[in-house]
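Below: protein17.txt (compact mmCIF, C-alpha atoms)
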# COMPACT_ATOMS: atom_id res chain seq x y z
CA MET A 1 13.72 21.48 174.41
CA ASN A 2 14.00 20.41 170.76
CA TYR A 3 10.96 22.56 169.87
CA LEU A 4 12.49 25.55 171.63
CA LEU A 5 15.74 25.29 169.68
CA ARG A 6 13.85 24.79 166.42
CA GLY A 7 11.70 27.85 167.20
CA ILE A 8 14.75 29.99 167.93
CA GLY A 9 16.32 28.83 164.66
CA VAL A 10 13.19 29.70 162.66
CA VAL A 11 12.94 33.16 164.24
CA THR A 12 16.64 33.79 163.55
CA VAL A 13 16.37 32.76 159.89
CA VAL A 14 13.19 34.80 159.32
CA GLY A 15 14.81 37.80 161.01
CA MET A 16 17.92 37.58 158.85
CA ILE A 17 15.89 37.23 155.64
CA SER A 18 13.75 40.22 156.63
CA LEU A 19 16.80 42.30 157.45
CA LEU A 20 18.42 41.50 154.12
CA SER A 21 15.29 42.02 152.05
CA PHE A 22 14.69 45.49 153.50
CA SER A 23 18.30 46.67 153.25
CA LEU A 24 19.15 45.56 149.73
CA PRO A 25 18.02 47.43 146.62
CA SER A 26 14.86 46.09 145.05
CA PRO A 27 14.88 44.84 141.44
CA SER A 28 13.61 48.27 140.37
CA GLY A 29 16.75 49.85 141.81
CA GLU A 30 14.91 51.70 144.54
CA ALA A 31 16.68 51.68 147.87
CA ARG A 32 14.56 49.99 150.52
CA GLY A 33 14.76 50.67 154.19
CA ASP A 34 17.13 53.26 155.52
CA GLY A 35 19.60 51.60 157.78
CA GLY A 36 20.98 55.02 158.67
CA SER A 37 22.61 55.40 155.27
CA GLU A 38 22.51 58.47 153.10
CA ALA A 39 21.13 56.63 150.08
CA LEU A 40 18.06 57.86 148.28
CA PRO A 41 15.52 55.90 146.31
CA ARG A 42 16.48 55.90 142.65
CA LEU A 43 13.94 58.06 140.95
CA THR A 44 13.42 58.27 137.25
CA HIS A 45 11.62 61.04 135.47
CA LYS A 46 12.50 61.83 131.89
CA ASN A 47 12.01 65.60 131.90
CA TRP A 48 13.65 66.10 135.31
CA GLN A 49 16.70 64.11 134.29
CA GLN A 50 16.92 65.60 130.82
CA GLU A 51 16.38 69.25 131.74
CA CYS A 52 17.92 69.57 135.20
CA ALA A 53 20.88 67.26 134.67
CA SER A 54 21.85 69.01 131.44
CA CYS A 55 23.58 71.72 133.55
CA HIS A 56 24.13 70.15 136.98
CA ILE A 57 23.25 67.03 138.94
CA ALA A 58 19.50 66.50 139.04
CA TYR A 59 19.13 67.25 142.74
CA ALA A 60 17.04 64.74 144.61
CA PRO A 61 13.55 66.11 145.30
CA ALA A 62 13.94 64.95 148.94
CA PHE A 63 16.59 67.63 149.53
CA LEU A 64 14.03 70.47 149.57
CA PRO A 65 10.38 70.91 150.59
CA LYS A 66 7.58 71.54 148.09
CA ALA A 67 7.59 75.31 148.70
CA SER A 68 11.27 75.46 147.78
CA TRP A 69 10.74 73.53 144.56
CA ARG A 70 7.92 75.92 143.66
CA ARG A 71 10.35 78.83 144.12
CA VAL A 72 13.08 77.13 142.08
CA ILE A 73 10.81 76.16 139.19
CA GLY A 74 8.94 79.47 139.32
CA GLY A 75 12.20 81.37 138.83
CA LEU A 76 13.75 79.43 135.97
CA ASP A 77 14.07 82.59 133.88
CA GLN A 78 16.70 83.73 136.42
CA HIS A 79 17.94 80.37 137.71
CA PHE A 80 21.06 81.25 139.72
CA GLY A 81 22.22 83.70 137.07
CA GLU A 82 21.11 81.67 134.05
CA ASN A 83 17.96 81.59 131.95
CA ALA A 84 16.78 78.00 132.33
CA SER A 85 13.25 78.66 131.09
CA LEU A 86 11.20 75.70 129.93
CA ASP A 87 7.99 75.40 128.01
CA PRO A 88 4.98 75.52 130.38
CA VAL A 89 4.05 71.84 129.93
CA THR A 90 7.55 70.57 130.74
CA GLN A 91 7.89 73.02 133.63
CA ALA A 92 4.57 71.87 135.15
CA ASP A 93 5.53 68.21 134.67
CA ILE A 94 8.85 68.64 136.47
CA LEU A 95 7.23 70.62 139.28
CA ARG A 96 4.62 67.87 139.83
CA PHE A 97 7.41 65.30 140.03
CA LEU A 98 9.49 67.40 142.45
CA GLU A 99 6.49 68.14 144.69
CA SER A 100 5.37 64.52 144.84
CA ASN A 101 8.87 63.45 145.97
CA ALA A 102 9.84 66.54 148.01
CA ALA A 103 11.27 66.41 151.52
CA ASP A 104 7.85 67.11 153.01
CA SER A 105 5.97 64.59 150.85
CA GLY A 106 6.72 61.73 153.25
CA THR A 107 8.15 59.49 150.53
CA SER A 108 11.72 59.05 151.84
CA GLN A 109 13.67 58.77 155.06
CA MET A 110 16.14 61.34 153.71
CA GLY A 111 13.33 63.83 153.21
CA ASN A 112 12.18 63.24 156.77
CA ARG A 113 15.69 64.00 158.04
CA VAL A 114 15.93 67.15 155.90
CA MET A 115 12.55 68.36 157.19
CA ARG A 116 13.56 68.01 160.86
CA ASP A 117 15.60 71.18 160.41
CA ILE A 118 13.22 73.16 158.18
CA GLY A 119 10.45 75.22 159.66
CA PRO A 120 6.91 74.81 158.29
CA LYS A 121 7.07 78.19 156.53
CA ASP A 122 10.70 77.94 155.38
CA ALA A 123 11.43 77.56 151.68
CA PRO A 124 15.19 77.61 151.15
CA LEU A 125 16.16 78.21 147.55
CA ARG A 126 19.37 76.19 147.65
CA VAL A 127 20.04 72.71 149.01
CA THR A 128 23.30 74.10 150.40
CA GLU A 129 21.34 76.59 152.53
CA THR A 130 19.43 73.94 154.46
CA ARG A 131 20.45 73.31 158.05
CA TRP A 132 20.60 69.59 157.23
CA PHE A 133 23.22 70.21 154.51
CA VAL A 134 25.24 72.62 156.65
CA ARG A 135 25.27 70.15 159.58
CA LYS A 136 26.29 67.24 157.35
CA HIS A 137 29.15 69.26 155.84
CA ASP A 138 30.30 71.25 158.89
CA GLU A 139 33.78 69.71 158.78
CA VAL A 140 34.37 70.82 155.17
CA SER A 141 36.30 74.07 155.04
CA ARG A 142 35.60 76.96 152.67
CA ALA A 143 38.97 76.25 151.06
CA VAL A 144 37.71 72.82 149.95
CA TRP A 145 34.55 74.30 148.39
CA SER A 146 36.65 76.78 146.41
CA ARG A 147 39.07 74.22 144.99
CA LYS A 148 38.95 74.11 141.22
CA SER A 149 38.32 70.35 141.40
CA VAL A 150 35.24 70.92 143.58
CA GLY A 151 33.92 74.27 142.35
CA SER A 152 31.29 74.86 145.02
CA ALA A 153 29.19 73.23 147.70
CA ALA A 154 26.53 72.65 145.05
CA ASN A 155 28.74 70.24 143.10
CA CYS A 156 27.77 67.09 145.01
CA ALA A 157 29.34 64.74 142.46
CA ALA A 158 32.82 66.21 143.04
CA CYS A 159 33.07 64.40 146.39
CA HIS A 160 30.10 62.03 146.40
CA ARG A 161 31.18 59.85 143.49
CA GLN A 162 27.85 58.00 143.46
CA ALA A 163 25.65 61.10 143.80
CA GLU A 164 24.01 60.47 140.42
CA GLN A 165 22.82 57.11 141.78
CA GLY A 166 21.46 58.75 144.93
CA VAL A 167 24.25 57.52 147.22
CA PHE A 168 25.60 60.09 149.67
CA ASP A 169 27.14 57.84 152.33
CA GLU A 170 30.11 59.33 154.14
CA ASP A 171 31.98 56.09 153.45
CA THR A 172 31.94 56.79 149.71
CA VAL A 173 33.17 60.41 149.92
CA ASN A 174 36.41 61.21 148.12
CA ILE A 175 37.36 64.87 148.37
CA PRO A 176 39.51 65.79 145.37
CA LYS A 177 42.80 67.66 145.79
Rewritten as structure tokens:
Amino acid sequence: MNYLLRGIGVVTVVGMISLLSFSLPSPSGEARGDGGSEALPRLTHKNWQQECASCHIAYAPAFLPKASWRRVIGGLDQHFGENASLDPVTQADILRFLESNAADSGTSQMGNRVMRDIGPKDAPLRVTETRWFVRKHDEVSRAVWSRKSVGSAANCAACHRQAEQGVFDEDTVNIPK
């Protein structure tokens, strides 16, 4: 009987330690495990952060498949009405980074969820056009998107205050007036 209780105690402790170690951020800052949250691994890439985040949030590569990122990067001379052209070396570097961490690269749980709603030949140009995004934001009215404090559906950081850190949990949403 004593061995049975000791065994149950050991299994319980090991289980709790495992649960905690896979749900807390690692020392590198990368989110581990998924736990159903909308947190992304913290990715760092100098050119991606410097170039993309100079105009808008550096959208997580896991929000679009590789084919979409190829379209986005291939059209930087007319990037949503702006000329965001880059030198060829920087452009190729950013594209490699985006492709290696894209929704269909298999590197994140978020990417897997995004890909459930994207067909194998689909290459949406905007994160806001993905079925995953539309489903996650179906309760947000057009009036909210057009508020001056929000600007558009593409302005993640307006409501997701920790978007720059890759946190998109519904619990952390604060829709501005």
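Distance annotation: of A:Trp48, A:Leu76, A:Asn101, A:Phe63, the residue with the minimal separation from Asp117 of chain A is A:Phe63; atom set is only C-alpha atoms.
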Check your understanding: Which polymer residues have any atom within 12 Å of an atom of Ile118 of chain A, counting all atoms listed in the file, with same-chain residues fewer than 3 positions away left out, as a PyMOL selection string?
Key -> chain A and resi 63-68+103-104+111-115+121-124+127+129-133
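Between atom CA of Leu43 of chain A and atom CA of Pro61 of chain A the interatomic distance comes to 9.2 Å.
Our summary of the geometry notes that atom CA of Arg142 of chain A is positioned 13.9 Å from atom CA of Pro176 of chain A.
Using only C-alpha atoms for every distance, the candidate list A:Ser85, A:Ile94, A:Ile57, A:His45 yields A:Ile57 as the residue closest to His160 of chain A.
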Review point. Leaving out segment 147-151 of chain A and any residue of its chain fewer than 5 positions from it, which residues lie within 9 Å of it when counting only C-alpha atoms, given as a PyMOL selection string?
Key: chain A and resi 142+156-159+175-177
Study note, to complete from the structure: From the list A:Asn155, A:Ser141, A:Asn174, A:Ser100, the nearest residue to Ala62 of chain A using all atoms listed in the file is A:Ser100
Check your understanding: Looking at A:Ile73, A:Leu86, A:Val173, A:Ala60, which one is nearest to Val140 of chain A, with distances taken over all atoms listed in the file?
Key -> A:Val173
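Among A:Asp171, A:Asp77, A:Glu164, A:Asp138, the residue with the shortest atom-to-atom distance to Thr44 of chain A, counting all atoms listed in the file, is A:Glu164.
When atom CA of Lys46 of chain A is paired with atom CA of Gly81 of chain A, their separation reads 24.5 Å.
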Exercise for review: Measuring atom to atom with all atoms listed in the file, identify which of A:Thr107, A:Ser146, A:Gln165, A:Ser152 is nearest to Tyr59 of chain A.
Suggested key: A:Gln165
Taking all listed atoms of segment 113-129 of chain A, build the axis-aligned box, pad each of the six sides by 5 Å, then write its centre and edge lengths in Å to one decimal as AutoDock Vina command-line options.
--center_x 15.1 --center_y 71.1 --center_z 154.2 --size_x 26.4 --size_y 24.2 --size_z 23.3
Point to revise | Shell around Phe80 of chain A at 10 Å using all atoms listed in the file, local window under 6 positions removed, as a ChimeraX atom specification | key: /A:72,125-126
